[in-house]
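Participant: This is the structure I have questions about; it appears just below.
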Amino acid sequence: MFDAVRAAITSTKAPFIETSEGRVWTYGDMLDLSGRIANVLKDSGVKPGDRVAVQVEKSVEALMLYLACLRAGAVYLPLNIAYTLAELDYFIGDAEPRLVICAPAAEAGISGIAKAHGGTVETLDDLGGGSLMEKTSSANAEFTDVARAAGDLAAILYTSGTTGRSKGAMLTHDNLLSNALTLKDYWRFTADDRLIHALPIFHTHGLFVATNTILVAGASMLFLPKFDPDRILALMGRATAMMGVPTFYVRLLQHPGLTREAAAGMRLFISGSAPLLADTHRAFREHTGHAILERYGMTETNMNTSNPYEGDRIAGTVGFPLPGVELRVVDPDTGSELPRGATGMIEVKGPNVFKGYWRMPEKTRAEFRDDGFFVTGDLGQVDDRGYVSIVGRGKDLVISGGYNIYPKEVEVEIDQLPGVVESAIIGVPHPDFGESVTAIVVKEDGAGIDEQAVIAALDGRLARFKQPKRVIFVDELPRNTMGKVQKKILRDDYADLYALVPQTRD
Ligand code: MLC
Ligand code: AMP
């Protein structure tokens with residue numbers, strides 16, 4: 001992957017990143033700092049194939065650490081900053097990273113876990129300080145990139161498992177590179193582009209889709225620590241493109257500064273990670289004149305489909321399979337391909353599709369067909385013109401503000417609470433987050449537990465974004481004749497729960 005990054009550099013003086021404080025990092029600076037960090041990794045005993053787990057705030061240095069891992073042949077393992085120690089314990093135990101890099105404040109808690117699994121810890125804060133960066137100041141910037149084959153691992157990204165245990169998706173150098181090159185061409189990124197980057201960098205979207213595409217185009221980014229509509233609008237005049245989850249667009253639409261003039265210099269707005277409502281697409285076009293380009297992907301597959309750059313970007317669809325990606329819609333039970341227009345399971349195959357789940361060969365086998373197609377768990381259809389639409393999910397998954405939450409993981413925690421008989425987690429339409437995690441709970445007769453107590457009990461156990469926004473108590477959960485909880489009934493019953501919640505922003 002890094003060879004392609006080098007090949008795209010037109011000049012070491014070309015800008016790569018501009019921070020919100022106005023500091024510019026050139027491609028030369030990128031080579032320098034990623035080289036230093038790669039030397040520190042090597043001196044810390046990180047060998048090719050070793051995992052480097054990273055849970056830090058978004059910063060340019062954190063991105064350089066990712067690039068240093070590519071150069072050192074290490075396997076980059078980014079972790080959402082919101083994960084609690086209880087969650088980290090599992091990830092670190094499963095991946096056994098040689099090195100864990102965390103925020104200084106988290107070091108005391110994490111170092112015990114890291115050591116127990118054979119790793120050491122360095123720190124990195126959001127201002128570029130911490131023990132890792134102290135070591136880089138005396139490190140050599142020259143580093144000979146470790147040669148990697150196309151099928152060698154570049155990263156492991158954990159995605160929550162339907163049965164509760166998170167699975168590490170193993171992504172190879174070629175998975176990342178092939179997708180980055182495809183997206184660069186499909187979306188016409190060149191060295192002249194400047195991308196507004198306001199996404200987190202611990203998931204596929206902000207890390208690979210945004211950053212890798214920019215890197216292989218030799219382009220640059222206006223790098224924000226997080227989503228901030230005021231800042232984004234202030235930057236639009238100097239940017240050419242933005243990538244975001246639907247919540248970004250929903251929130252931008254509430255800002256009086258979103259006008260045709262503000263967006264006049266932009267050539268492209270891209271949305272993904274969750275369904276973009278057709279209403280949002282329409283309203284954005286009315287306000288700015290831009291048709292948001294929606295694409296579809298997942299951690300395991302990188303990007304699969306995209307609306308066209310030229311041609312109709314149809315609201316409510318995710319466009320066509322990307323070049324090199326085969327996509328089919330099948331009967332979920334038999335696996336046989338369905339005719340155009342029919343709804344079924346989406347399966348994909350191509351150089352973008354991951355190598356399998358880390359140390360879970362059975363789960364890997366279960367999600368691939370014999371002919372190499374990966375079963376996405378998304379239900380969709382392809383229309384006469386070839387546009388793909390996602391019409392639902394076969395997997396029991398909630399997507400809130402672009403983050404995935406697997407109900408089982410939350411249900412297990414709630415079911416353990418004193419006074420709780422059982423629970424069901426559902427995703428309920430939410431005006432800001434798209435869907436919101438909602439708990440339907442049956443409590444024991446006379447139990448004093450209430451909504452606040454349930455939410456409070458999850459603090460420290462589950463990341464904040466996984467915690468239910470509402471807890472509803474019921475006498476019993478609806479079940480079918482097989483005894484399975486019928487979540488569809490619950491979703492229908494509570495469909496309007498958040499409908500009247502005003503769209504607020506901090
Ligand atoms: C934050 N909170 C969330 C949340 N984000 N709760 C539910 N869902 C979310 N997505 C919590 C906060 O902890 C806070 O809790 C409260 O909600 C309000 O926070 P906020 O200030 O409104 O949130 P904000 O910081 O503005 O974040 C919202 C967001 C952010 C949408 C900007 O979540 C975000 O950047 N999402 C992008 C996720 C992403 O990159 N996904 C890509 C995955 S890759 P409290 O109660 O403590 O105040 C993938 C593949 C693909 O899916 O196809 O791309
Ligand atoms: P993740 O596991 O975080 O990578 O999330 C991947 C899932 O997000 C996919 O399997 C889809 O369910 C969903 N997703 C991503 N992009 C879109 C989109 N444009 N429309 C609908 N769902 C999407």
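Each chain in the structure tokens gets a letter, A, B, ..., in the order shown, and its residues are numbered from 1; ligands are numbered from 1 in order too.
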Taking only C-alpha atoms and all ligand atoms into account, which residues have an atom no farther than 8 Å from ligand 1? I'd like them as a ChimeraX atom specification.
Facilitator: /A:82,198-206,209,226-228,244-248,272-274,295-299,302-303,399-404,433,436-437,463-467,469,505-506
Participant: Using only C-alpha atoms, determine which residues lie at most 9 Å from stretch 473-484 of chain A, disregarding the query and same-chain residues fewer than 2 positions distant; provide the list as a list in words.
Facilitator: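 That gives Glu422, Ser423, Ala424, Ala439, Ile440, Val441, Val442, Lys443, Asp450, Glu451, Val471, Gln486, Lys487, Ile489 and Leu490 of chain A.
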Participant: Please, could you write that set of residues out with C-alpha atoms as a compact mmCIF listing (two decimals), in the first residue's frame?
Facilitator:
# COMPACT_ATOMS: atom_id res chain seq x y z
CA GLU A 422 -34.98 -10.09 29.65
CA SER A 423 -34.48 -7.41 27.06
CA ALA A 424 -34.59 -6.73 23.35
CA ALA A 439 -34.12 -1.10 24.91
CA ILE A 440 -37.37 -2.93 25.49
CA VAL A 441 -37.11 -4.52 28.93
CA VAL A 442 -39.16 -6.93 30.99
CA LYS A 443 -38.51 -6.55 34.71
CA ASP A 450 -36.04 2.27 36.11
CA GLU A 451 -34.84 3.78 32.82
CA VAL A 471 -35.49 2.19 27.88
CA GLN A 486 -40.24 -10.63 17.08
CA LYS A 487 -38.27 -7.44 16.82
CA ILE A 489 -43.32 -5.97 15.94
CA LEU A 490 -41.37 -3.96 18.50
Participant: Show which residues sit within 10 Å of A:Ile9, as a list in words. Count only C-alpha atoms, and ignore same-chain residues fewer than 5 positions away.
Facilitator: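 Answer for this query is Ala4, Ala14, Pro15, Phe16, Tyr27, Gly28, Ala191, Leu215, Val216, Ala217, Gly218 and Ala219 of chain A.
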Participant: A:Leu99: which residues within 8 Å, counting only C-alpha atoms, same-chain residues fewer than 4 positions away excluded, as a PDB file with C-alpha atoms, in the first residue's frame?
Facilitator:
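Contents of result_5.pdb, as written:
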ATOM      1  CA  SER A  44      10.117  -1.415  20.356  1.00  0.00           C
ATOM      2  CA  VAL A  46       7.384  -4.677  16.491  1.00  0.00           C
ATOM      3  CA  ARG A  51      -0.405  -6.134  15.626  1.00  0.00           C
ATOM      4  CA  VAL A  52      -0.237  -2.532  16.832  1.00  0.00           C
ATOM      5  CA  ALA A  53      -3.444  -1.590  18.639  1.00  0.00           C
ATOM      6  CA  ALA A 114      -1.590  -5.205  27.360  1.00  0.00           C
ATOM      7  CA  GLY A 119       2.338  -6.377  24.786  1.00  0.00           C
ATOM      8  CA  THR A 120       3.792  -3.073  25.883  1.00  0.00           C
ATOM      9  CA  VAL A 121       2.213   0.385  25.955  1.00  0.00           C
ATOM     10  CA  GLU A 122       3.138   3.810  24.584  1.00  0.00           C
TER      11      GLU A 122
END
Participant: A:Pro361, A:Pro407, A:Gly392, A:Pro468: which is nearest ligand 2, counting only C-alpha atoms and all ligand atoms?
Facilitator: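 Among the listed residues, A:Gly392 lies closest to ligand 2.
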Participant: Skip A:Asn175 itself and residues of its chain fewer than 4 positions away, then list as a ChimeraX atom specification all residues within 9 Å of it, counting only C-alpha atoms.
Facilitator: /A:150-151,154,171,179-180,301-302,350-355
Participant: Return as a PDB file with C-alpha atoms, in the first residue's frame the full set of residues in stretch 253-372 of chain A whose backbone-based DSSP assignment is alpha helix (DSSP H).
Facilitator:
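result.pdb was written with the following content:
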ATOM      1  CA  ALA A 278     -34.195  10.474   0.117  1.00  0.00           C
ATOM      2  CA  ASP A 279     -35.554  13.576   1.879  1.00  0.00           C
ATOM      3  CA  THR A 280     -32.073  14.543   3.025  1.00  0.00           C
ATOM      4  CA  HIS A 281     -30.755  14.043  -0.517  1.00  0.00           C
ATOM      5  CA  ARG A 282     -33.533  16.229  -1.921  1.00  0.00           C
ATOM      6  CA  ALA A 283     -33.204  18.957   0.708  1.00  0.00           C
ATOM      7  CA  PHE A 284     -29.433  19.118   0.270  1.00  0.00           C
ATOM      8  CA  ARG A 285     -29.861  19.533  -3.460  1.00  0.00           C
ATOM      9  CA  GLU A 286     -32.402  22.305  -2.928  1.00  0.00           C
ATOM     10  CA  HIS A 287     -30.141  24.162  -0.522  1.00  0.00           C
ATOM     11  CA  THR A 288     -26.840  23.742  -2.352  1.00  0.00           C
ATOM     12  CA  PRO A 361     -12.005 -19.799  10.605  1.00  0.00           C
ATOM     13  CA  GLU A 362     -15.491 -21.187  11.187  1.00  0.00           C
ATOM     14  CA  LYS A 363     -17.135 -17.765  11.210  1.00  0.00           C
ATOM     15  CA  THR A 364     -15.167 -16.928   8.074  1.00  0.00           C
ATOM     16  CA  ARG A 365     -16.362 -20.082   6.331  1.00  0.00           C
ATOM     17  CA  ALA A 366     -19.932 -19.415   7.374  1.00  0.00           C
ATOM     18  CA  GLU A 367     -19.967 -16.024   5.666  1.00  0.00           C
TER      19      GLU A 367
END
Participant: Find, counting only C-alpha atoms, the residue in A:Phe368, A:Tyr357, A:Phe320, A:Tyr83 that gets nearest to A:Asp384.
Facilitator: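 Nearest candidate to A:Asp384 out of A:Phe368, A:Tyr357, A:Phe320, A:Tyr83: A:Phe320.
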Participant: Could you check the closest approach to ligand 2 for each of A:Gly377, A:Gly434, A:Gly311, A:Gly289 and tell me which residue wins, using only C-alpha atoms and all ligand atoms?
Facilitator: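 For ligand 2, the nearest of the candidates is A:Gly377.
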Participant: Contacts of A:Ala264 at 10 Å or less, counting only C-alpha atoms, minus same-chain residues fewer than 2 places along, as a list of chain:residue names?
Facilitator: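 Neighbouring residues, sequence-local ones excluded: A:Met236, A:Gly237, A:Thr240, A:Thr259, A:Arg260, A:Glu261, A:Ala262, A:Met266, A:Arg267, A:Thr288, A:Gly289, A:His290.
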Participant: Determine, counting only C-alpha atoms, which protein, DNA and RNA residues have an atom within 10 Å of an atom of A:Arg188; residues of the same chain fewer than 5 positions away are not included. Present the result as a PyMOL selection string.
Facilitator: chain A and resi 182-183+193+217+267-268+309
Participant: Go ahead and write the residues just picked, N, CA, C and O atoms, as a short mmCIF file (atom, residue, chain, number, x, y, z; two decimals), in the first residue's frame.
Facilitator:
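Final output, saved to again.cif:
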data_model
loop_
_atom_site.label_atom_id
_atom_site.label_comp_id
_atom_site.auth_asym_id
_atom_site.auth_seq_id
_atom_site.Cartn_x
_atom_site.Cartn_y
_atom_site.Cartn_z
N THR A 182 -9.51 2.41 -7.04
CA THR A 182 -10.82 2.41 -7.69
C THR A 182 -11.60 3.67 -7.34
O THR A 182 -12.17 4.34 -8.21
N LEU A 183 -11.62 4.02 -6.05
CA LEU A 183 -12.39 5.20 -5.61
C LEU A 183 -11.79 6.49 -6.16
O LEU A 183 -12.52 7.40 -6.56
N ASP A 193 -7.34 18.14 -5.36
CA ASP A 193 -8.46 18.06 -4.42
C ASP A 193 -8.05 18.38 -3.00
O ASP A 193 -6.93 18.09 -2.56
N ALA A 217 -4.18 9.74 -4.48
CA ALA A 217 -4.38 10.82 -5.46
C ALA A 217 -3.32 11.91 -5.27
O ALA A 217 -3.26 12.86 -6.05
N ARG A 267 -16.91 20.31 -5.39
CA ARG A 267 -17.31 19.53 -6.57
C ARG A 267 -18.02 18.24 -6.17
O ARG A 267 -18.71 17.64 -6.98
N LEU A 268 -17.87 17.82 -4.88
CA LEU A 268 -18.41 16.51 -4.53
C LEU A 268 -18.71 16.36 -3.04
O LEU A 268 -17.86 16.66 -2.20
N TYR A 309 -20.28 9.30 -10.81
CA TYR A 309 -19.80 10.68 -10.72
C TYR A 309 -20.54 11.53 -11.74
O TYR A 309 -21.04 12.60 -11.44
#
Participant: Could you write out, as a CSV table (one decimal) with all heavy atoms, in the first residue's frame, all the residues of stretch 7-146 of chain A that DSSP marks as strand (DSSP E or B)?
Facilitator:
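Below is the file that was written, out-v7.csv:
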chain,number,residue,atom,x,y,z
A,15,PRO,N,1.1,20.0,-0.1
A,15,PRO,CA,0.4,19.8,1.2
A,15,PRO,C,-0.3,18.5,1.2
A,15,PRO,O,-0.9,18.0,0.3
A,15,PRO,CB,-0.6,20.9,1.1
A,15,PRO,CG,-0.8,21.2,-0.3
A,15,PRO,CD,0.5,20.9,-1.0
A,16,PHE,N,-0.3,17.9,2.4
A,16,PHE,CA,-1.0,16.6,2.7
A,16,PHE,C,-2.2,16.9,3.6
A,16,PHE,O,-3.3,16.6,3.4
A,16,PHE,CB,-0.1,15.6,3.2
A,16,PHE,CG,-0.8,14.3,3.7
A,16,PHE,CD1,-1.9,13.8,3.1
A,16,PHE,CD2,-0.3,13.7,4.9
A,16,PHE,CE1,-2.5,12.6,3.6
A,16,PHE,CE2,-1.0,12.5,5.4
A,16,PHE,CZ,-2.1,12.0,4.7
A,17,ILE,N,-1.9,17.6,4.7
A,17,ILE,CA,-2.9,17.9,5.7
A,17,ILE,C,-2.8,19.3,6.2
A,17,ILE,O,-1.7,19.8,6.4
A,17,ILE,CB,-2.7,17.0,6.9
A,17,ILE,CG1,-3.1,15.5,6.6
A,17,ILE,CG2,-3.6,17.4,8.1
A,17,ILE,CD1,-2.9,14.5,7.7
A,18,GLU,N,-3.9,20.0,6.4
A,18,GLU,CA,-4.0,21.3,7.1
A,18,GLU,C,-4.9,21.1,8.3
A,18,GLU,O,-6.0,20.6,8.1
A,18,GLU,CB,-4.5,22.4,6.1
A,18,GLU,CG,-4.4,23.7,6.8
A,18,GLU,CD,-5.0,24.8,5.9
A,18,GLU,OE1,-4.7,24.8,4.7
A,18,GLU,OE2,-5.7,25.7,6.4
A,19,THR,N,-4.4,21.4,9.4
A,19,THR,CA,-5.2,21.2,10.6
A,19,THR,C,-6.1,22.4,10.9
A,19,THR,O,-5.9,23.5,10.2
A,19,THR,CB,-4.3,21.0,11.9
A,19,THR,OG1,-3.6,22.3,12.1
A,19,THR,CG2,-3.3,19.9,11.7
A,24,VAL,N,0.2,23.3,8.4
A,24,VAL,CA,0.3,22.5,7.2
A,24,VAL,C,1.3,21.4,7.3
A,24,VAL,O,2.5,21.7,7.7
A,24,VAL,CB,0.5,23.4,6.0
A,24,VAL,CG1,0.6,22.5,4.7
A,24,VAL,CG2,-0.6,24.4,5.8
A,25,TRP,N,1.0,20.2,7.0
A,25,TRP,CA,1.9,19.1,6.9
A,25,TRP,C,2.0,18.7,5.4
A,25,TRP,O,1.1,18.4,4.8
A,25,TRP,CB,1.3,17.8,7.7
A,25,TRP,CG,1.2,18.0,9.1
A,25,TRP,CD1,0.2,18.8,9.8
A,25,TRP,CD2,1.9,17.4,10.2
A,25,TRP,NE1,0.4,18.7,11.1
A,25,TRP,CE2,1.4,17.8,11.4
A,25,TRP,CE3,3.0,16.5,10.2
A,25,TRP,CZ2,1.9,17.4,12.6
A,25,TRP,CZ3,3.5,16.0,11.4
A,25,TRP,CH2,3.0,16.5,12.6
A,26,THR,N,3.3,18.8,5.0
A,26,THR,CA,3.5,18.5,3.6
A,26,THR,C,3.7,16.9,3.4
A,26,THR,O,3.8,16.2,4.4
A,26,THR,CB,4.7,19.1,3.0
A,26,THR,OG1,5.9,18.6,3.8
A,26,THR,CG2,4.7,20.7,3.2
A,51,ARG,N,0.7,-7.1,15.5
A,51,ARG,CA,-0.4,-6.1,15.6
A,51,ARG,C,0.0,-4.9,16.5
A,51,ARG,O,0.7,-5.1,17.5
A,51,ARG,CB,-1.7,-6.7,16.3
A,51,ARG,CG,-2.5,-7.5,15.3
A,51,ARG,CD,-2.0,-8.9,14.9
A,51,ARG,NE,-1.8,-9.7,16.1
A,51,ARG,CZ,-0.8,-10.6,16.2
A,51,ARG,NH1,0.0,-10.9,15.2
A,51,ARG,NH2,-0.7,-11.4,17.3
A,52,VAL,N,-0.4,-3.7,16.0
A,52,VAL,CA,-0.2,-2.5,16.8
A,52,VAL,C,-1.6,-2.0,17.1
A,52,VAL,O,-2.3,-1.5,16.1
A,52,VAL,CB,0.7,-1.5,16.1
A,52,VAL,CG1,0.7,-0.2,16.9
A,52,VAL,CG2,2.1,-2.1,15.9
A,53,ALA,N,-2.1,-2.1,18.3
A,53,ALA,CA,-3.4,-1.6,18.6
A,53,ALA,C,-3.4,-0.1,19.1
A,53,ALA,O,-2.5,0.3,19.8
A,53,ALA,CB,-4.0,-2.4,19.8
A,54,VAL,N,-4.3,0.7,18.6
A,54,VAL,CA,-4.3,2.1,18.8
A,54,VAL,C,-5.6,2.6,19.2
A,54,VAL,O,-6.6,2.5,18.5
A,54,VAL,CB,-3.8,2.8,17.5
A,54,VAL,CG1,-3.8,4.3,17.6
A,54,VAL,CG2,-2.5,2.3,17.0
A,55,GLN,N,-5.7,3.2,20.4
A,55,GLN,CA,-6.9,3.9,20.9
A,55,GLN,C,-6.5,5.3,21.3
A,55,GLN,O,-6.2,5.5,22.5
A,55,GLN,CB,-7.6,3.1,22.0
A,55,GLN,CG,-9.0,3.7,22.3
A,55,GLN,CD,-9.6,3.3,23.6
A,55,GLN,OE1,-8.9,3.2,24.6
A,55,GLN,NE2,-10.9,3.2,23.7
A,75,VAL,N,0.5,-4.8,11.6
A,75,VAL,CA,-0.9,-4.8,11.3
A,75,VAL,C,-1.6,-3.8,12.2
A,75,VAL,O,-1.5,-3.9,13.4
A,75,VAL,CB,-1.5,-6.2,11.6
A,75,VAL,CG1,-2.9,-6.3,11.3
A,75,VAL,CG2,-0.7,-7.3,10.8
A,76,TYR,N,-2.1,-2.8,11.6
A,76,TYR,CA,-2.7,-1.6,12.3
A,76,TYR,C,-4.1,-2.0,12.8
A,76,TYR,O,-4.9,-2.5,12.1
A,76,TYR,CB,-2.9,-0.4,11.3
A,76,TYR,CG,-3.3,0.8,12.0
A,76,TYR,CD1,-2.4,1.5,12.9
A,76,TYR,CD2,-4.5,1.4,11.7
A,76,TYR,CE1,-2.8,2.7,13.5
A,76,TYR,CE2,-4.9,2.6,12.3
A,76,TYR,CZ,-4.0,3.2,13.2
A,76,TYR,OH,-4.4,4.4,13.8
A,77,LEU,N,-4.3,-1.8,14.1
A,77,LEU,CA,-5.6,-2.2,14.7
A,77,LEU,C,-6.2,-1.0,15.5
A,77,LEU,O,-5.9,-0.8,16.6
A,77,LEU,CB,-5.3,-3.3,15.7
A,77,LEU,CG,-6.4,-4.2,16.2
A,77,LEU,CD1,-5.9,-5.3,17.1
A,77,LEU,CD2,-7.5,-3.4,17.0
A,78,PRO,N,-7.0,-0.2,14.8
A,78,PRO,CA,-7.5,1.0,15.4
A,78,PRO,C,-8.8,0.7,16.2
A,78,PRO,O,-9.5,-0.2,15.9
A,78,PRO,CB,-7.9,1.9,14.2
A,78,PRO,CG,-8.2,0.9,13.1
A,78,PRO,CD,-7.4,-0.3,13.3
A,99,LEU,N,2.2,-4.1,20.6
A,99,LEU,CA,2.3,-2.7,21.1
A,99,LEU,C,0.9,-2.1,21.2
A,99,LEU,O,0.1,-2.3,20.2
A,99,LEU,CB,3.2,-1.9,20.2
A,99,LEU,CG,3.5,-0.4,20.7
A,99,LEU,CD1,4.3,-0.4,22.0
A,99,LEU,CD2,4.4,0.2,19.6
A,100,VAL,N,0.6,-1.5,22.3
A,100,VAL,CA,-0.7,-0.8,22.4
A,100,VAL,C,-0.4,0.7,22.6
A,100,VAL,O,0.4,1.1,23.4
A,100,VAL,CB,-1.6,-1.3,23.6
A,100,VAL,CG1,-2.9,-0.6,23.6
A,100,VAL,CG2,-1.8,-2.8,23.5
A,101,ILE,N,-1.0,1.5,21.8
A,101,ILE,CA,-0.8,3.0,21.9
A,101,ILE,C,-2.2,3.6,22.3
A,101,ILE,O,-3.2,3.4,21.7
A,101,ILE,CB,-0.3,3.6,20.6
A,101,ILE,CG1,1.1,3.0,20.4
A,101,ILE,CG2,-0.2,5.1,20.7
A,101,ILE,CD1,1.6,3.0,19.1
A,102,CYS,N,-2.1,4.3,23.5
A,102,CYS,CA,-3.4,4.8,24.0
A,102,CYS,C,-3.2,6.2,24.5
A,102,CYS,O,-2.0,6.7,24.6
A,102,CYS,CB,-3.8,3.9,25.2
A,102,CYS,SG,-2.7,3.9,26.6
A,120,THR,N,3.4,-4.2,25.1
A,120,THR,CA,3.8,-3.1,25.9
A,120,THR,C,2.9,-1.9,25.5
A,120,THR,O,2.2,-2.0,24.5
A,120,THR,CB,5.3,-2.7,25.6
A,120,THR,OG1,5.5,-2.7,24.2
A,120,THR,CG2,6.2,-3.8,26.2
A,121,VAL,N,3.1,-0.8,26.2
A,121,VAL,CA,2.2,0.4,26.0
A,121,VAL,C,3.0,1.6,25.7
A,121,VAL,O,4.1,1.9,26.4
A,121,VAL,CB,1.3,0.6,27.2
A,121,VAL,CG1,0.5,1.9,27.0
A,121,VAL,CG2,0.3,-0.6,27.4
A,122,GLU,N,2.6,2.4,24.7
A,122,GLU,CA,3.1,3.8,24.6
A,122,GLU,C,1.9,4.7,24.5
A,122,GLU,O,0.8,4.3,24.3
A,122,GLU,CB,3.9,4.0,23.3
A,122,GLU,CG,5.2,3.1,23.1
A,122,GLU,CD,6.3,3.5,24.0
A,122,GLU,OE1,6.2,4.6,24.7
A,122,GLU,OE2,7.3,2.8,24.1
A,123,THR,N,2.2,6.0,24.8
A,123,THR,CA,1.0,6.9,24.8
A,123,THR,C,1.1,8.0,23.7
A,123,THR,O,2.2,8.3,23.2
A,123,THR,CB,0.9,7.7,26.1
A,123,THR,OG1,2.1,8.4,26.3
A,123,THR,CG2,0.7,6.7,27.3
Participant: Given only C-alpha atoms as the basis, pick out the residue of A:Gln254, A:Ser220, A:Ser160, A:Asn140 nearest to A:Thr10.
Facilitator: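 Selected residue with least distance to A:Thr10: A:Ser220.
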Participant: Of the candidates A:Leu322, A:Ala68, A:Ile472, A:Ile405, which one gets nearest to A:Leu181 if we count only C-alpha atoms?
Facilitator: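 Closest to A:Leu181 of all the choices is A:Leu322.
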